[in-house]
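> Sharing entry_17.txt (compact mmCIF, C-alpha atoms and all ligand atoms) below.
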```txt
# COMPACT_ATOMS: atom_id res chain seq x y z
CA MET A 1 9.10 -12.43 18.92
CA GLU A 2 6.00 -11.76 16.86
CA ILE A 3 3.15 -9.36 17.11
CA LYS A 4 -0.28 -10.87 16.73
CA VAL A 5 -3.82 -9.64 16.50
CA ASP A 6 -5.45 -11.49 19.34
CA GLY A 7 -8.66 -13.48 18.94
CA LEU A 8 -10.97 -10.52 18.44
CA PRO A 9 -14.24 -10.92 16.58
CA ARG A 10 -13.91 -9.95 12.94
CA ARG A 11 -16.63 -7.33 12.95
CA TYR A 12 -15.84 -4.95 15.70
CA SER A 13 -15.51 -1.76 13.73
CA ASP A 14 -18.36 -0.28 15.80
CA LEU A 15 -16.36 -0.74 18.98
CA PRO A 16 -14.10 2.07 20.17
CA TRP A 17 -10.48 1.99 19.04
CA ARG A 18 -8.42 -0.05 21.45
CA GLU A 19 -5.23 1.64 22.53
CA ASN A 20 -3.16 -1.50 22.05
CA PRO A 21 -4.95 -3.90 19.69
CA LEU A 22 -1.82 -5.96 19.01
CA THR A 23 -0.07 -8.18 21.54
CA VAL A 24 3.63 -9.00 21.60
CA GLU A 25 4.32 -12.72 21.97
CA ASP A 26 7.25 -15.09 21.71
CA TYR A 27 6.92 -17.85 19.15
CA PRO A 28 9.30 -20.42 17.74
CA THR A 29 10.97 -19.34 14.49
CA PRO A 30 8.60 -20.39 11.66
CA GLU A 31 9.70 -23.19 9.36
CA ALA A 32 9.87 -22.69 5.61
CA GLY A 33 7.36 -25.02 3.93
CA PHE A 34 7.19 -26.20 0.33
CA ASN A 35 8.49 -23.49 -2.05
CA GLN A 36 9.05 -21.10 0.84
CA VAL A 37 12.08 -19.28 2.18
CA LEU A 38 12.74 -18.19 5.75
CA LEU A 39 13.46 -14.48 6.14
CA LYS A 40 15.06 -12.53 8.94
CA VAL A 41 12.95 -9.38 8.86
CA LEU A 42 14.91 -6.13 8.62
CA ALA A 43 12.06 -3.66 8.18
CA CYS A 44 8.31 -3.77 7.68
CA GLY A 45 6.04 -0.95 6.58
CA VAL A 46 2.82 -0.21 8.44
CA CYS A 47 -0.07 0.27 6.04
CA TYR A 48 -3.56 1.71 6.54
CA THR A 49 -4.81 -1.75 5.56
CA ASP A 50 -3.23 -2.97 8.80
CA VAL A 51 -5.51 -0.56 10.66
CA ASP A 52 -8.42 -2.09 8.72
CA ILE A 53 -7.17 -5.58 9.65
CA VAL A 54 -6.85 -4.90 13.38
CA GLU A 55 -10.26 -3.18 13.40
CA GLY A 56 -11.86 -6.16 11.67
CA ARG A 57 -12.83 -4.60 8.34
CA VAL A 58 -10.68 -7.02 6.32
CA ASN A 59 -11.26 -10.75 6.71
CA CYS A 60 -8.03 -12.39 7.78
CA LYS A 61 -7.16 -15.58 9.59
CA LEU A 62 -6.99 -15.08 13.35
CA PRO A 63 -4.71 -14.85 15.09
CA VAL A 64 -2.54 -13.25 12.44
CA VAL A 65 0.85 -11.56 12.30
CA PRO A 66 0.14 -8.46 10.16
CA GLY A 67 2.66 -6.67 7.94
CA HIS A 68 2.92 -6.84 4.17
CA GLN A 69 5.76 -4.48 3.25
CA ILE A 70 8.63 -6.67 4.33
CA VAL A 71 12.32 -6.30 3.62
CA GLY A 72 14.22 -9.34 4.86
CA ARG A 73 17.45 -11.27 4.56
CA VAL A 74 17.05 -14.85 3.31
CA ALA A 75 18.03 -17.07 6.23
CA GLU A 76 17.05 -20.49 4.95
CA VAL A 77 16.31 -21.97 1.53
CA PRO A 78 14.93 -25.50 1.36
CA PRO A 79 17.10 -27.96 -0.61
CA GLY A 80 16.20 -28.15 -4.31
CA LEU A 81 14.33 -24.83 -4.42
CA GLY A 82 14.83 -23.15 -7.81
CA GLY A 83 14.19 -19.52 -8.62
CA GLY A 84 17.62 -18.13 -7.86
CA VAL A 85 16.99 -17.13 -4.23
CA ASP A 86 20.04 -17.74 -2.06
CA ILE A 87 20.86 -17.45 1.62
CA GLY A 88 21.96 -13.89 2.41
CA ASP A 89 19.95 -12.27 -0.42
CA ILE A 90 17.92 -9.21 0.52
CA VAL A 91 14.36 -9.54 -0.71
CA GLY A 92 11.03 -7.76 -0.45
CA VAL A 93 7.63 -9.30 0.19
CA ALA A 94 4.39 -7.55 -0.74
CA TRP A 95 0.63 -8.01 -0.17
CA VAL A 96 0.46 -10.61 -2.96
CA GLY A 97 1.63 -13.59 -0.91
CA ARG A 98 0.42 -16.47 -3.11
CA THR A 99 -1.97 -17.10 -6.00
CA CYS A 100 -3.04 -20.30 -7.80
CA GLY A 101 -0.78 -19.77 -10.83
CA LYS A 102 -3.23 -21.54 -13.15
CA CYS A 103 -6.45 -19.56 -13.57
CA TYR A 104 -7.30 -17.03 -16.30
CA TYR A 105 -6.21 -14.13 -14.08
CA CYS A 106 -2.93 -15.74 -13.08
CA SER A 107 -2.07 -16.47 -16.71
CA THR A 108 -2.73 -12.89 -17.83
CA SER A 109 -0.68 -11.01 -15.19
CA LEU A 110 -3.89 -10.19 -13.30
CA GLU A 111 -3.07 -12.49 -10.40
CA ASN A 112 -4.29 -9.71 -8.10
CA LEU A 113 -7.81 -10.87 -9.06
CA CYS A 114 -7.17 -14.63 -8.57
CA ASP A 115 -9.84 -16.41 -6.50
CA SER A 116 -7.06 -18.05 -4.46
CA PHE A 117 -5.24 -14.77 -3.77
CA ALA A 118 -3.65 -15.09 -0.33
CA ALA A 119 -2.43 -11.84 1.21
CA THR A 120 0.72 -11.48 3.26
CA GLY A 121 -0.04 -10.39 6.81
CA CYS A 122 -3.67 -11.51 6.43
CA GLN A 123 -4.16 -15.05 5.12
CA ILE A 124 -0.41 -15.68 5.52
CA ASP A 125 1.52 -14.44 8.58
CA GLY A 126 3.45 -11.29 7.75
CA GLY A 127 6.36 -9.15 8.80
CA TYR A 128 5.59 -7.68 12.23
CA ALA A 129 8.03 -10.29 13.47
CA GLU A 130 11.72 -11.06 13.71
CA TYR A 131 11.35 -13.98 11.29
CA THR A 132 8.76 -14.83 8.67
CA VAL A 133 8.37 -17.19 5.72
CA ALA A 134 7.44 -16.26 2.15
CA TYR A 135 6.79 -18.13 -1.09
CA ALA A 136 9.93 -17.98 -3.21
CA ASP A 137 7.97 -17.03 -6.35
CA PHE A 138 6.58 -14.00 -4.54
CA VAL A 139 9.73 -12.25 -3.37
CA TYR A 140 11.60 -9.40 -5.10
CA ARG A 141 15.34 -8.88 -5.18
CA ILE A 142 16.44 -5.69 -3.38
CA PRO A 143 19.92 -4.32 -4.01
CA ARG A 144 22.31 -4.54 -1.07
CA GLY A 145 23.34 -1.37 0.67
CA VAL A 146 20.11 0.58 0.05
CA ASP A 147 18.23 1.92 3.05
CA TYR A 148 15.87 -0.97 3.74
CA VAL A 149 13.59 1.14 5.90
CA ARG A 150 13.00 3.49 2.95
CA ILE A 151 12.41 0.63 0.49
CA ALA A 152 9.66 -0.97 2.62
CA PRO A 153 6.89 1.54 1.75
CA LEU A 154 7.40 0.90 -1.96
CA LEU A 155 6.18 -2.68 -1.49
CA CYS A 156 2.55 -1.69 -0.83
CA ALA A 157 2.07 2.07 -0.69
CA GLY A 158 4.23 2.38 -3.81
CA ALA A 159 3.03 -0.74 -5.63
CA VAL A 160 -0.72 -0.29 -5.12
CA GLY A 161 -0.47 3.42 -5.86
CA TYR A 162 1.43 2.57 -9.02
CA ARG A 163 -1.26 0.07 -10.03
CA ALA A 164 -3.87 2.82 -9.48
CA LEU A 165 -1.76 5.14 -11.63
CA LYS A 166 -1.70 2.58 -14.46
CA LEU A 167 -5.48 2.12 -14.19
CA ALA A 168 -5.88 5.90 -14.43
CA SER A 169 -4.24 5.91 -17.92
CA LEU A 170 -2.53 9.21 -17.23
CA GLU A 171 -0.99 11.03 -20.21
CA ASP A 172 1.43 13.91 -20.38
CA GLY A 173 -0.26 17.31 -20.40
CA MET A 174 -3.19 16.24 -18.23
CA ARG A 175 -4.30 17.67 -14.89
CA PHE A 176 -4.08 15.00 -12.21
CA GLY A 177 -5.61 15.01 -8.73
CA LEU A 178 -4.49 13.16 -5.61
CA PHE A 179 -7.10 13.03 -2.84
CA GLY A 180 -5.42 12.25 0.48
CA PHE A 181 -1.66 12.58 0.77
CA GLY A 182 -0.28 9.73 2.84
CA ALA A 183 2.19 6.94 2.19
CA SER A 184 0.95 6.03 -1.28
CA ALA A 185 0.29 9.50 -2.70
CA HIS A 186 3.67 10.92 -1.68
CA ILE A 187 5.39 8.19 -3.71
CA ILE A 188 3.01 8.51 -6.67
CA LEU A 189 3.47 12.28 -6.88
CA GLN A 190 7.22 11.78 -7.34
CA ILE A 191 6.71 9.04 -9.95
CA VAL A 192 4.25 11.19 -11.90
CA LYS A 193 6.68 14.12 -11.91
CA LYS A 194 9.39 11.84 -13.36
CA LEU A 195 7.32 9.89 -15.90
CA PHE A 196 4.97 12.69 -16.98
CA PRO A 197 6.87 15.96 -16.55
CA SER A 198 4.14 18.16 -18.03
CA VAL A 199 1.30 16.78 -15.92
CA GLU A 200 -0.05 19.32 -13.40
CA VAL A 201 -0.58 17.67 -10.02
CA TYR A 202 -3.34 18.87 -7.65
CA VAL A 203 -3.19 17.56 -4.08
CA PHE A 204 -6.25 17.65 -1.81
CA SER A 205 -5.67 16.98 1.88
CA ARG A 206 -7.15 18.10 5.17
CA SER A 207 -3.70 18.03 6.78
CA LEU A 208 -1.53 21.14 6.57
CA GLU A 209 1.55 18.98 7.18
CA HIS A 210 0.64 16.69 4.31
CA ARG A 211 -0.01 19.63 1.97
CA LYS A 212 3.36 21.09 2.94
CA LEU A 213 5.10 17.82 2.02
CA ALA A 214 3.17 17.76 -1.28
CA GLU A 215 4.45 21.24 -2.11
CA GLU A 216 8.02 20.22 -1.28
CA LEU A 217 7.67 17.23 -3.59
CA GLY A 218 6.52 19.41 -6.49
CA ALA A 219 2.71 19.58 -6.36
CA ASP A 220 1.43 22.37 -8.63
CA TRP A 221 -1.61 23.11 -6.44
CA THR A 222 -2.57 22.06 -2.93
CA GLY A 223 -5.74 22.65 -0.96
CA HIS A 224 -8.41 21.34 1.38
CA PRO A 225 -10.85 18.91 -0.30
CA SER A 226 -13.56 21.57 0.04
CA GLU A 227 -11.53 24.01 -2.11
CA THR A 228 -12.15 24.15 -5.85
CA PRO A 229 -9.20 24.77 -8.17
CA HIS A 230 -9.74 26.96 -11.25
CA LYS A 231 -9.49 24.03 -13.66
CA LYS A 232 -11.02 20.58 -13.63
CA LEU A 233 -9.03 17.34 -13.51
CA HIS A 234 -8.58 14.77 -16.28
CA ARG A 235 -7.51 11.95 -13.95
CA ALA A 236 -7.55 11.47 -10.19
CA ILE A 237 -6.84 8.91 -7.51
CA ASP A 238 -8.77 8.85 -4.24
CA PHE A 239 -6.64 7.40 -1.42
CA THR A 240 -9.02 8.26 1.41
CA PRO A 241 -11.30 5.97 3.44
CA VAL A 242 -14.00 8.68 3.30
CA GLY A 243 -17.00 8.03 1.01
CA GLU A 244 -17.78 11.72 0.51
CA ILE A 245 -14.33 12.32 -0.99
CA THR A 246 -15.12 9.94 -3.87
CA ALA A 247 -18.17 12.02 -4.78
CA ARG A 248 -16.17 15.22 -4.36
CA ALA A 249 -13.40 13.94 -6.65
CA LEU A 250 -15.93 13.00 -9.35
CA GLU A 251 -17.44 16.50 -9.15
CA LEU A 252 -14.03 17.96 -9.92
CA LEU A 253 -13.42 15.74 -12.97
CA GLU A 254 -13.41 16.99 -16.54
CA ARG A 255 -15.72 15.42 -19.12
CA GLY A 256 -14.36 11.95 -19.90
CA GLY A 257 -12.31 12.00 -16.70
CA VAL A 258 -11.29 8.90 -14.78
CA LEU A 259 -11.21 8.45 -11.01
CA VAL A 260 -9.44 5.45 -9.46
CA VAL A 261 -10.34 4.63 -5.86
CA ASN A 262 -7.40 3.11 -4.04
CA VAL A 263 -8.83 1.74 -0.81
CA ILE A 264 -10.21 -1.64 0.15
CA ARG A 265 -13.13 -0.35 2.15
CA LYS A 266 -14.71 3.07 2.55
CA GLN A 267 -15.63 3.86 6.14
CA THR A 268 -18.58 6.05 5.09
CA PRO A 269 -20.97 5.38 2.17
CA VAL A 270 -20.22 6.53 -1.37
CA ASN A 271 -23.42 8.28 -2.50
CA LEU A 272 -23.38 9.16 -6.18
CA ASP A 273 -25.82 11.06 -8.33
CA TYR A 274 -25.67 10.00 -11.96
CA ALA A 275 -26.07 13.50 -13.42
CA LYS A 276 -23.78 15.22 -10.94
CA HIS A 277 -20.99 12.66 -10.70
CA LEU A 278 -20.91 10.43 -13.79
CA TRP A 279 -22.68 12.04 -16.76
CA LEU A 280 -20.47 13.18 -19.64
CA GLU A 281 -18.43 9.98 -19.65
CA ARG A 282 -16.77 10.36 -16.30
CA SER A 283 -15.84 6.96 -14.89
CA ILE A 284 -14.74 5.38 -11.66
CA LYS A 285 -12.61 2.26 -11.04
CA SER A 286 -11.44 0.44 -7.97
CA VAL A 287 -7.98 -1.03 -7.52
CA ALA A 288 -7.69 -4.43 -5.87
CA ASN A 289 -4.47 -5.85 -4.44
CA VAL A 290 -1.27 -5.87 -6.48
CA ALA A 291 0.20 -8.11 -9.15
CA ARG A 292 3.88 -9.04 -9.02
CA ARG A 293 4.53 -6.92 -12.09
CA ASP A 294 3.37 -3.78 -10.23
CA VAL A 295 5.85 -4.42 -7.42
CA GLU A 296 8.72 -5.15 -9.82
CA GLU A 297 7.99 -2.07 -11.91
CA VAL A 298 7.67 0.32 -8.99
CA LEU A 299 10.92 -0.95 -7.44
CA ASN A 300 12.67 -0.39 -10.79
CA ILE A 301 11.21 3.08 -11.32
CA ALA A 302 12.06 4.14 -7.76
CA SER A 303 15.64 3.00 -8.16
CA LYS A 304 16.06 4.48 -11.65
CA TYR A 305 14.66 7.92 -10.76
CA GLY A 306 15.74 8.12 -7.12
CA VAL A 307 12.22 8.25 -5.67
CA GLU A 308 12.55 9.10 -1.97
CA THR A 309 10.17 7.82 0.65
CA GLU A 310 9.52 9.97 3.69
CA VAL A 311 9.46 7.64 6.70
CA GLN A 312 8.61 7.72 10.38
CA ILE A 313 10.51 4.90 12.08
CA TYR A 314 9.22 2.80 14.99
CA ASP A 315 10.62 -0.20 16.87
CA LEU A 316 8.72 -3.47 16.54
CA GLU A 317 7.36 -3.10 20.08
CA GLU A 318 5.98 0.33 19.17
CA VAL A 319 3.65 -1.03 16.50
CA ASN A 320 0.48 -0.06 18.38
CA ARG A 321 1.69 3.54 18.50
CA ALA A 322 2.46 3.40 14.77
CA LEU A 323 -1.09 2.19 14.05
CA ARG A 324 -2.59 4.92 16.27
CA ASP A 325 -0.47 7.59 14.55
CA LEU A 326 -1.51 6.30 11.14
CA LYS A 327 -5.18 6.22 12.06
CA SER A 328 -5.08 9.78 13.36
CA ALA A 329 -3.14 11.05 10.29
CA LYS A 330 -0.11 11.90 12.43
CA VAL A 331 2.29 10.11 10.08
CA THR A 332 3.88 12.22 7.36
CA GLY A 333 4.88 9.84 4.55
CA SER A 334 5.04 6.20 5.68
CA ALA A 335 5.31 4.47 9.05
CA VAL A 336 7.95 1.74 9.08
CA LEU A 337 9.06 -0.71 11.77
CA ARG A 338 12.83 -1.13 11.96
CA ILE A 339 13.24 -4.68 13.18
CA SER A 340 16.90 -5.62 12.87
ZN ZN B 1 -0.74 -2.11 2.26
ZN ZN B 2 -5.17 -17.83 -10.06
```
Show me the file's structure as structure tokens.


Amino acid sequence: MEIKVDGLPRRYSDLPWRENPLTVEDYPTPEAGFNQVLLKVLACGVCYTDVDIVEGRVNCKLPVVPGHQIVGRVAEVPPGLGGGVDIGDIVGVAWVGRTCGKCYYCSTSLENLCDSFAATGCQIDGGYAEYTVAYADFVYRIPRGVDYVRIAPLLCAGAVGYRALKLASLEDGMRFGLFGFGASAHIILQIVKKLFPSVEVYVFSRSLEHRKLAEELGADWTGHPSETPHKKLHRAIDFTPVGEITARALELLERGGVLVVNVIRKQTPVNLDYAKHLWLERSIKSVANVARRDVEEVLNIASKYGVETEVQIYDLEEVNRALRDLKSAKVTGSAVLRIS
């Protein structure tokens, strides 16, 4: 059984949200092609990017099986495949599904920027399915016995958030802002508290529930995005799809501050005024995709420091409800499909 986006036009973001945009269909088990392994999917995270995919804001092949935070058991390895992946291994698959391996970006660990970047659950069928295939060079070993449902959100929410954190060049002693407190931010807050113990973390969210979770996880200050803390921020990450929040975050930056925007597409325009938002050496960066190194590093850090992911679990057939909950900010932490 697989869950597919049906043949909807790619640009239908102006249309009202459909209650059940994904259809459940039976398909033959996919066959592992060259350099691929077949995986029995155990769990798959549901990401806000999947909402963007089903609403047509991200260009994917259609129909597509979404899902790019996959934990699976290796069920089939083609003869002669190297790379040390064996039948029975538990592996993770992330958004970076395949890259060319030859270009400037691929040879400098920036394969997230490769022209041939193919995303799992977008250009390549993903993990909202009982079985999927993945390129053997793009899977990550997961220790046996861990809670696979709780590992899944690390593969995108954790990895992309971690890439954003690296781009922010955070240093101990700084004041650090998180705008939006969903799947990614709740992991990054814990990582920051472990790696940079004297950083003060400020969390801005419209959701009381999300602010409460932030406080439980050690945030030093929480508030609504319209609130202004007493001190300005040296670094910040904006996780929201709202254009106005980017401008708001820049207003709250210190001189020389850096804002990293961790979303593919803003749903409302980002309107910036040079004097108000950028003058005095404030800067803004985007974060695109993930490189394999980000995924490996975040999995290691999470295991070393015991980073916990807060999850809301759904069955595979409940994926439309998971997407609706995510879109309406009803998920605290990460939504994850438990598949087998
Ligand atoms: Zn994602
Ligand atoms: Zn490349």

> Neighbours of ligand ZN 1 (chain B) at 6 Å or closer, counting only C-alpha atoms and all ligand atoms: which residues, as a PyMOL selection string?

chain A and resi 47+49+156-157

> Check which residues fall inside 12 Å of ligand ZN 2 (chain B) when counting all atoms listed in the file, and print them as a list in words.

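So, counting all atoms listed in the file, the residues near ligand ZN 2 (chain B) are Val96, Arg98, Thr99, Cys100, Gly101, Lys102, Cys103, Tyr104, Tyr105, Cys106, Ser107, Thr108, Ser109, Leu110, Glu111, Asn112, Leu113, Cys114, Asp115, Ser116, Phe117, Ala118 and Ala291 of chain A.
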
> Of the candidates A:Glu216, A:Glu171, A:Glu296, A:Asp89, which one gets nearest to Glu76 of chain A if we count only C-alpha atoms?

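Of A:Glu216, A:Glu171, A:Glu296, A:Asp89, the one nearest Glu76 of chain A, counting only C-alpha atoms, is A:Asp89.
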
> Give as a ChimeraX atom specification every residue, naming chains and numbers as the document does, that has an atom within 6 Å of (5.3, -4.9, -0.1), counting only C-alpha atoms.

/A:68-70,93-95,155-156

> Identify, on the basis of all atoms listed in the file, every residue whose closest approach to Thr246 of chain A does not exceed 7 Å; exclude the query and any residue fewer than 4 positions from it along the same chain; express the result as a list of chain:residue names.

A:Asp238, A:Leu250, A:Val270

> As a VMD selection string, please: the residues near Asp315 of chain A (cut-off 9 Å, all atoms listed in the file, same-chain neighbours under 4 positions excluded).

chain A and resid 319 336 to 339

> Dig up all the protein and nucleic acid residues within 12 Å of (9.2, -15.4, -5.9) in the file frame, using only C-alpha atoms, and format them as number ranges by chain.

A: 35-37, 81-86, 91-94, 96-99, 101, 133-141, 292-293, 295-296

> List the spatial neighbours of Gln267 of chain A as a PyMOL selection string - criterion: any atom at most 9 Å away, only C-alpha atoms, same-chain residues fewer than 4 positions off excluded.

chain A and resi 241-243

> Could you work out how far atom CA of Ala302 of chain A lies from atom CA of Pro197 of chain A, giving the answer in Å with one decimal?

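Straight-line distance from atom CA of Pro197 of chain A to atom CA of Ala302 of chain A works out to 15.6 Å.
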
> What's the separation between atom CA of Ile191 of chain A and atom CA of Ala236 of chain A, in Å to one decimal place?

14.5 Å

> Just how far from atom CA of Ile87 of chain A is atom CA of Lys40 of chain A, in Å to one decimal?

10.6 Å

> Find the residue from A:Ile301, A:Val74, A:Cys122, A:Val307 that sits nearest to Asp52 of chain A; use only C-alpha atoms when measuring.

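That would be A:Cys122, the residue with the smallest distance to Asp52 of chain A.
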
> Counting only C-alpha atoms, which residues of segment 193-222 of chain A sit at most 10 Å from some atom of segment 173-185 of chain A, and what is each one's closest atom pair with its distance in Å to one decimal, listed by chain and rising residue number, as CSV?


```
residue,atom,partner,partner_atom,distance
A:Phe196,CA,A:Gly173,CA,7.8
A:Pro197,CA,A:Gly173,CA,8.2
A:Ser198,CA,A:Gly173,CA,5.1
A:Val199,CA,A:Gly173,CA,4.8
A:Glu200,CA,A:Arg175,CA,4.8
A:Val201,CA,A:Phe176,CA,4.9
A:Tyr202,CA,A:Gly177,CA,4.6
A:Val203,CA,A:Leu178,CA,4.8
A:Phe204,CA,A:Phe179,CA,4.8
A:Ser205,CA,A:Gly180,CA,4.9
A:Arg206,CA,A:Gly180,CA,7.7
A:Ser207,CA,A:Phe181,CA,8.4
A:Glu209,CA,A:Phe181,CA,9.6
A:His210,CA,A:Phe181,CA,5.9
A:Arg211,CA,A:Phe181,CA,7.3
A:Leu213,CA,A:Phe181,CA,8.6
A:Ala214,CA,A:Phe181,CA,7.4
A:Ala219,CA,A:Leu178,CA,9.7
A:Asp220,CA,A:Arg175,CA,9.7
A:Trp221,CA,A:Gly177,CA,9.3
A:Thr222,CA,A:Leu178,CA,9.5
```
